[in-house]
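Colleague: So here's structure.cif, just mmCIF, C-alpha atoms and all ligand atoms:
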data_model
loop_
_atom_site.label_atom_id
_atom_site.label_comp_id
_atom_site.auth_asym_id
_atom_site.auth_seq_id
_atom_site.Cartn_x
_atom_site.Cartn_y
_atom_site.Cartn_z
CA MET K 1 -38.67 3.24 23.80
CA THR K 2 -40.18 4.69 20.63
CA GLN K 3 -37.72 6.54 18.45
CA ALA K 4 -38.60 10.04 17.33
CA PRO K 5 -39.26 10.32 13.60
CA ARG K 6 -36.16 11.41 11.75
CA THR K 7 -36.49 14.73 9.98
CA PHE K 8 -34.89 14.85 6.59
CA GLN K 9 -32.42 17.67 6.26
CA PRO K 10 -31.89 18.66 2.64
CA GLU K 11 -28.33 19.74 3.40
CA GLU K 12 -27.54 16.11 4.26
CA THR K 13 -27.76 15.37 0.58
CA THR K 14 -24.32 16.67 -0.09
CA GLY K 15 -23.12 13.82 -2.26
CA ILE K 16 -22.32 13.85 -5.93
CA ALA K 17 -25.20 15.17 -8.07
CA GLY K 18 -27.38 15.56 -4.97
CA LEU K 19 -27.23 11.86 -4.09
CA SER K 20 -25.71 10.47 -0.93
CA PRO K 21 -23.48 7.44 -0.59
CA PRO K 22 -23.73 4.50 -0.82
CA TYR K 23 -24.09 5.23 -4.50
CA LEU K 24 -25.62 3.20 -7.27
CA ILE K 25 -23.59 4.12 -10.34
CA HIS K 26 -24.67 3.75 -13.96
CA LEU K 27 -21.69 4.20 -16.32
CA GLY K 28 -22.10 5.35 -19.93
CA CYS K 29 -25.85 5.83 -19.56
CA ASN K 30 -26.39 7.68 -22.86
CA ARG K 31 -30.18 8.32 -22.85
CA THR K 32 -31.13 5.62 -20.32
CA ARG K 33 -31.87 7.00 -16.87
CA ILE K 34 -32.24 4.71 -13.87
CA PRO K 35 -34.21 6.62 -11.21
CA GLY K 36 -32.31 7.09 -7.93
CA TRP K 37 -28.99 6.17 -9.56
CA LEU K 38 -26.06 8.31 -10.56
CA ASN K 39 -26.43 8.21 -14.34
CA ILE K 40 -23.07 9.22 -15.81
CA ASP K 41 -21.97 9.87 -19.35
CA ALA K 42 -19.19 11.86 -21.00
CA ARG K 43 -21.91 13.82 -22.84
CA ALA K 44 -24.91 15.62 -21.40
CA THR K 45 -28.12 13.80 -22.37
CA ASP K 46 -31.68 13.84 -21.05
CA ALA K 47 -30.65 10.95 -18.74
CA THR K 48 -27.44 12.23 -17.14
CA ASN K 49 -27.28 13.59 -13.63
CA LEU K 50 -23.49 13.71 -13.89
CA VAL K 51 -21.49 14.58 -17.01
CA HIS K 52 -18.10 13.05 -16.38
CA ASP K 53 -15.43 10.82 -17.90
CA CYS K 54 -16.29 7.40 -16.47
CA ARG K 55 -12.62 6.38 -16.58
CA ASP K 56 -12.07 8.67 -13.60
CA LEU K 57 -13.65 7.35 -10.41
CA SER K 58 -11.40 9.45 -8.18
CA ILE K 59 -14.49 11.52 -7.27
CA PHE K 60 -15.77 8.52 -5.29
CA ASP K 61 -14.45 7.54 -1.87
CA ASP K 62 -13.31 4.01 -1.09
CA LYS K 63 -16.26 1.71 -0.35
CA SER K 64 -18.79 4.44 -1.17
CA THR K 65 -20.78 2.50 -3.76
CA ASN K 66 -23.22 -0.40 -3.56
CA MET K 67 -23.42 -1.26 -7.22
CA VAL K 68 -21.85 -0.26 -10.54
CA PHE K 69 -23.86 -1.07 -13.66
CA SER K 70 -23.25 -0.55 -17.36
CA ASN K 71 -24.80 -1.71 -20.61
CA ALA K 72 -22.89 -1.45 -23.90
CA PHE K 73 -20.20 0.74 -22.34
CA PHE K 74 -17.11 -1.30 -21.43
CA GLU K 75 -16.02 -1.88 -25.03
CA HIS K 76 -15.67 1.91 -25.46
CA LEU K 77 -12.52 1.90 -23.31
CA THR K 78 -8.93 1.14 -24.34
CA MET K 79 -7.12 -1.94 -23.02
CA HIS K 80 -5.29 0.14 -20.44
CA ASP K 81 -8.42 1.99 -19.35
CA ARG K 82 -10.64 -1.08 -19.04
CA ALA K 83 -8.20 -2.76 -16.62
CA ALA K 84 -7.72 0.46 -14.62
CA LEU K 85 -11.49 1.00 -14.37
CA LEU K 86 -12.10 -2.49 -12.95
CA ARG K 87 -9.41 -1.92 -10.34
CA ASP K 88 -11.01 1.38 -9.36
CA ILE K 89 -14.50 -0.12 -9.23
CA HIS K 90 -13.06 -2.69 -6.83
CA ARG K 91 -11.84 0.20 -4.68
CA VAL K 92 -15.13 2.16 -4.59
CA LEU K 93 -17.42 -0.82 -3.94
CA THR K 94 -18.56 -1.66 -0.42
CA ASP K 95 -17.63 -5.13 0.82
CA ASP K 96 -21.09 -6.39 -0.21
CA GLY K 97 -21.29 -4.26 -3.33
CA PHE K 98 -21.15 -5.67 -6.81
CA LEU K 99 -20.42 -4.89 -10.39
CA TYR K 100 -22.80 -5.81 -13.23
CA PHE K 101 -21.81 -5.07 -16.83
CA CYS K 102 -23.63 -6.34 -19.89
CA GLY K 103 -23.89 -5.63 -23.62
CA VAL K 104 -20.18 -6.41 -24.03
CA PRO K 105 -19.55 -7.82 -27.55
CA ASP K 106 -18.20 -11.38 -27.55
CA PHE K 107 -15.54 -11.61 -30.25
CA GLU K 108 -15.57 -15.41 -30.23
CA THR K 109 -19.24 -15.59 -31.29
CA ILE K 110 -18.87 -12.63 -33.63
CA ALA K 111 -16.00 -14.41 -35.45
CA ARG K 112 -17.91 -17.71 -35.58
CA SER K 113 -21.06 -16.00 -36.86
CA TYR K 114 -19.04 -14.33 -39.63
CA LEU K 115 -16.97 -17.39 -40.61
CA GLU K 116 -20.01 -19.67 -40.67
CA ARG K 117 -22.01 -17.13 -42.72
CA ARG K 118 -24.84 -17.34 -40.20
CA PRO K 119 -28.08 -15.36 -40.58
CA GLY K 120 -27.41 -11.78 -39.49
CA ASN K 121 -28.68 -9.80 -36.52
CA VAL K 122 -29.69 -6.76 -38.56
CA SER K 123 -29.55 -8.16 -42.11
CA SER K 124 -29.88 -11.50 -43.88
CA ARG K 125 -26.20 -12.56 -43.40
CA PHE K 126 -23.72 -11.98 -40.58
CA ASP K 127 -21.41 -10.22 -43.01
CA LEU K 128 -18.39 -7.99 -42.49
CA PHE K 129 -20.58 -4.98 -41.67
CA GLU K 130 -22.33 -6.95 -38.92
CA ALA K 131 -18.94 -7.97 -37.50
CA TYR K 132 -17.77 -4.35 -37.70
CA ARG K 133 -20.81 -3.09 -35.74
CA TYR K 134 -19.56 -5.13 -32.80
CA THR K 135 -15.79 -4.86 -33.21
CA HIS K 136 -15.74 -1.11 -33.98
CA GLY K 137 -19.22 0.09 -32.92
CA ASP K 138 -19.99 1.60 -36.34
CA PRO K 139 -18.83 5.04 -35.08
CA GLU K 140 -19.72 6.83 -38.35
CA HIS K 141 -23.38 6.78 -37.36
CA GLN K 142 -22.57 9.12 -34.44
CA SER K 143 -20.54 11.73 -36.29
CA GLU K 144 -20.63 14.27 -33.42
CA TRP K 145 -19.31 11.84 -30.82
CA TRP K 146 -17.65 9.16 -32.91
CA MET K 147 -14.68 8.83 -30.54
CA GLU K 148 -16.95 7.94 -27.59
CA GLN K 149 -18.91 5.59 -29.86
CA LEU K 150 -15.82 3.79 -31.21
CA HIS K 151 -15.28 0.35 -29.69
CA LYS K 152 -11.63 0.31 -28.64
CA THR K 153 -11.06 -3.29 -27.54
CA LEU K 154 -12.23 -6.85 -28.04
CA PHE K 155 -13.47 -9.33 -25.44
CA ASP K 156 -14.07 -13.01 -24.97
CA VAL K 157 -14.99 -14.97 -21.87
CA GLU K 158 -11.39 -15.79 -20.92
CA THR K 159 -10.28 -12.16 -21.26
CA LEU K 160 -13.10 -10.97 -19.01
CA LYS K 161 -12.26 -13.54 -16.33
CA THR K 162 -8.58 -12.60 -16.43
CA LEU K 163 -9.40 -8.89 -16.13
CA LEU K 164 -11.73 -9.50 -13.17
CA ASN K 165 -9.18 -11.69 -11.40
CA GLU K 166 -6.43 -9.15 -11.93
CA ALA K 167 -8.67 -6.38 -10.55
CA GLY K 168 -9.12 -8.40 -7.34
CA PHE K 169 -12.67 -9.75 -7.82
CA ARG K 170 -12.75 -13.20 -6.19
CA THR K 171 -16.25 -14.17 -7.41
CA HIS K 172 -17.39 -13.62 -10.97
CA TYR K 173 -20.14 -14.96 -13.16
CA VAL K 174 -20.21 -14.57 -16.95
CA TYR K 175 -23.11 -15.30 -19.32
CA ARG K 176 -23.82 -14.89 -23.02
CA TYR K 177 -27.05 -13.73 -24.59
CA ALA K 178 -28.83 -12.59 -27.73
CA TYR K 179 -30.32 -9.10 -27.67
CA GLY K 180 -34.08 -9.12 -28.26
CA LYS K 181 -34.98 -11.23 -31.26
CA GLU K 182 -31.51 -11.15 -32.81
CA ALA K 183 -30.28 -14.40 -34.35
CA ASN K 184 -26.81 -14.57 -32.79
CA ALA K 185 -25.93 -14.46 -29.09
CA VAL K 186 -22.98 -12.11 -29.44
CA ASN K 187 -23.28 -10.28 -26.10
CA LEU K 188 -21.63 -11.03 -22.79
CA GLY K 189 -22.76 -9.98 -19.34
CA PHE K 190 -20.93 -10.42 -16.06
CA MET K 191 -21.29 -9.84 -12.34
CA ALA K 192 -18.46 -9.68 -9.82
CA TRP K 193 -17.96 -9.48 -6.07
CA LYS K 194 -14.87 -8.76 -4.00
CA ASP K 195 -15.18 -11.78 -1.73
CA VAL K 196 -15.43 -15.51 -2.37
CA ARG K 197 -19.10 -16.50 -2.38
CA ALA K 198 -21.31 -19.25 -3.75
CA PHE K 199 -23.08 -17.93 -6.83
CA SER K 200 -25.04 -19.98 -9.34
CA ASP K 201 -27.42 -19.64 -12.28
CA LYS K 202 -30.37 -19.39 -9.90
CA ASP K 203 -28.75 -16.37 -8.21
CA ALA K 204 -27.90 -14.73 -11.53
CA LEU K 205 -31.35 -15.05 -13.12
CA PRO K 206 -33.17 -12.58 -10.83
CA ILE K 207 -30.45 -9.97 -11.46
CA ILE K 208 -30.58 -10.51 -15.22
CA SER K 209 -34.40 -10.32 -15.11
CA LEU K 210 -34.40 -7.15 -13.01
CA PHE K 211 -32.36 -5.33 -15.64
CA ALA K 212 -34.07 -7.01 -18.62
CA PRO K 213 -36.32 -4.00 -19.43
CA LEU K 214 -33.11 -1.99 -20.04
CA THR K 215 -30.93 -4.65 -21.61
CA GLN K 216 -33.45 -6.84 -23.47
CA PRO K 217 -31.77 -10.25 -23.24
CA ASN K 218 -33.58 -13.09 -24.99
CA MET K 219 -34.30 -15.11 -21.83
CA GLU K 220 -34.78 -18.32 -23.84
CA ARG K 221 -31.30 -18.08 -25.30
CA LEU K 222 -29.16 -17.33 -22.26
CA GLU K 223 -25.93 -19.32 -21.97
CA LEU K 224 -25.39 -19.22 -18.23
CA GLY K 225 -22.34 -19.72 -16.04
CA LEU K 226 -19.58 -19.62 -18.68
C1 LIG J 301 -23.57 2.53 -26.78
S1 LIG J 301 -23.78 3.84 -25.67
C2 LIG J 301 -24.46 3.08 -24.23
C3 LIG J 301 -25.92 3.07 -24.20
C4 LIG J 301 -26.60 3.00 -22.87
N1 LIG J 301 -25.81 2.45 -21.81
C5 LIG J 301 -27.85 2.21 -23.09
O1 LIG J 301 -27.98 1.12 -22.54
O2 LIG J 301 -28.70 2.68 -23.84
C6 LIG J 301 -22.16 4.14 -25.01
C7 LIG J 301 -22.12 5.37 -24.14
O3 LIG J 301 -20.86 5.43 -23.47
C8 LIG J 301 -20.46 6.78 -23.41
N2 LIG J 301 -19.03 6.82 -23.17
C9 LIG J 301 -18.03 6.32 -23.93
N3 LIG J 301 -16.84 6.54 -23.36
C10 LIG J 301 -17.11 7.19 -22.18
C11 LIG J 301 -16.30 7.67 -21.12
N4 LIG J 301 -14.98 7.52 -21.13
N5 LIG J 301 -16.91 8.27 -20.08
C12 LIG J 301 -18.25 8.43 -20.04
N6 LIG J 301 -19.07 7.97 -21.01
C13 LIG J 301 -18.50 7.36 -22.07
C14 LIG J 301 -20.88 7.35 -24.74
O4 LIG J 301 -20.98 8.76 -24.69
C15 LIG J 301 -22.23 6.65 -24.95
O5 LIG J 301 -23.29 7.41 -24.46
#
Could the structure of this file be written out as structure tokens, please?

Modeller:
Amino acid sequence: MTQAPRTFQPEETTGIAGLSPPYLIHLGCNRTRIPGWLNIDARATDATNLVHDCRDLSIFDDKSTNMVFSNAFFEHLTMHDRAALLRDIHRVLTDDGFLYFCGVPDFETIARSYLERRPGNVSSRFDLFEAYRYTHGDPEHQSEWWMEQLHKTLFDVETLKTLLNEAGFRTHYVYRYAYGKEANAVNLGFMAWKDVRAFSDKDALPIISLFAPLTQPNMERLELGL
């Protein structure tokens, strides 16, 4: 039997910001809009379709979300808030849904780059200012929203894994990368699922590549599966 074509009823789109679940959520989007996603930031920008404090996911039902993505956002939360957010992301994700965060500064490589006086990412030496850009986010350059711009915590691979475990994610995958042509690979990215599943470098690469236009990892300098 042939099914009748389904007529779209605009009133069905009653979800948050005109989108229906299952949501695709982009946290801390700033001016980067992903079409079809819920692009959220604490400040209204030309990319936001929801202006909201991303620490509060109570607006989302349990298992209402297929994917939560962020780039250069997680380090803007306090230690308490970062742990609480991961727990709440675990709650809102569907059983198959996953979390993908990247652009998280890696304090271990930042410290090494500074101590070893390596070539810098934005200047000739990885000096104290370069370290400060990652540890504190150089908030003075955003005087109107310096508090949102301030980096409030530090990360390394072990800390991320502990946080993900404590939030209930049974599968996680962490990698390190350099942004664009920068000299030092001081950024971490990670993906996480609720259930136990086999996940390897060959599974991670298509996801990293899909988001590469937004996140600009140097694909030749990825350190996979940390
Ligand atoms: C470095 S920018 C991220 C840039 C963007 N994701 C990109 O890839 O271009 C950090 C963003 O996080 C936002 N932010 C910080 N704390 C936030 C919070 N609690 N809720 C929502 N947005 C927040 C800031 O307003 C800022 O736009």

Colleague: Could you give me, as a PyMOL selection string, every polymer residue with an atom at most 7 Å away from an atom of ligand LIG 301 (chain J), counting all atoms listed in the file?

Modeller: chain K and resi 27-32+40-43+52-55+70-73+76-77+148-149+214-215

Colleague: By how many Å are atom CA of Asp62 of chain K and atom CA of Phe190 of chain K apart?

Modeller: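 Computed distance, atom CA of Asp62 of chain K to atom CA of Phe190 of chain K, equals 22.1 Å.
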
Colleague: What separation in Å, quoted to one decimal, exists between atom CA of Val186 of chain K and atom CA of Val68 of chain K?

Modeller: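 Atom CA of Val68 of chain K lies 22.3 Å from atom CA of Val186 of chain K.
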
Colleague: Smallest atom-to-atom distance to Met147 of chain K: which of K:Gln216, K:Thr78, K:Trp37, K:Asp56, using only C-alpha atoms?

Modeller: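 Answer, going by the shortest atom-to-atom distance: K:Thr78.
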
Colleague: Nearest to Tyr134 of chain K: which of K:Ile16, K:Val92, K:Ala185, K:Val174 is it, counting only C-alpha atoms?

Modeller: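 So, comparing all the options, the nearest one is K:Ala185.
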
Colleague: Grab the atom CA of Gly97 of chain K to atom CA of Arg197 of chain K distance for me, in Å with one decimal place.

Modeller: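 If I compute the distance from atom CA of Gly97 of chain K to atom CA of Arg197 of chain K, I get 12.5 Å.
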
Colleague: Pick the closest to Glu223 of chain K from K:Thr153, K:Ser64, K:Ser124, K:Asn184: which is it, counting all atoms listed in the file?

Modeller: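 Checking each of K:Thr153, K:Ser64, K:Ser124, K:Asn184 against Glu223 of chain K, counting all atoms listed in the file, the winner is K:Asn184.
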
Colleague: List the spatial neighbours of Ala83 of chain K as a PyMOL selection string - criterion: any atom at most 10 Å away, only C-alpha atoms, same-chain residues fewer than 4 positions off excluded.

Modeller: chain K and resi 77-79+87-88+160+162-164+166-167

Colleague: Of the candidates K:Leu226, K:Ile110, K:Ala44, K:Leu19, which one gets nearest to Phe60 of chain K if we count all atoms listed in the file?

Modeller: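 For Phe60 of chain K, the nearest of the given residues is K:Leu19.
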
Colleague: Between K:Leu38, K:Ala183, K:Ala204, K:Leu210, which is the closest to Gly120 of chain K once you count all atoms listed in the file?

Modeller: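 Under the stated criterion, the closest residue is K:Ala183.
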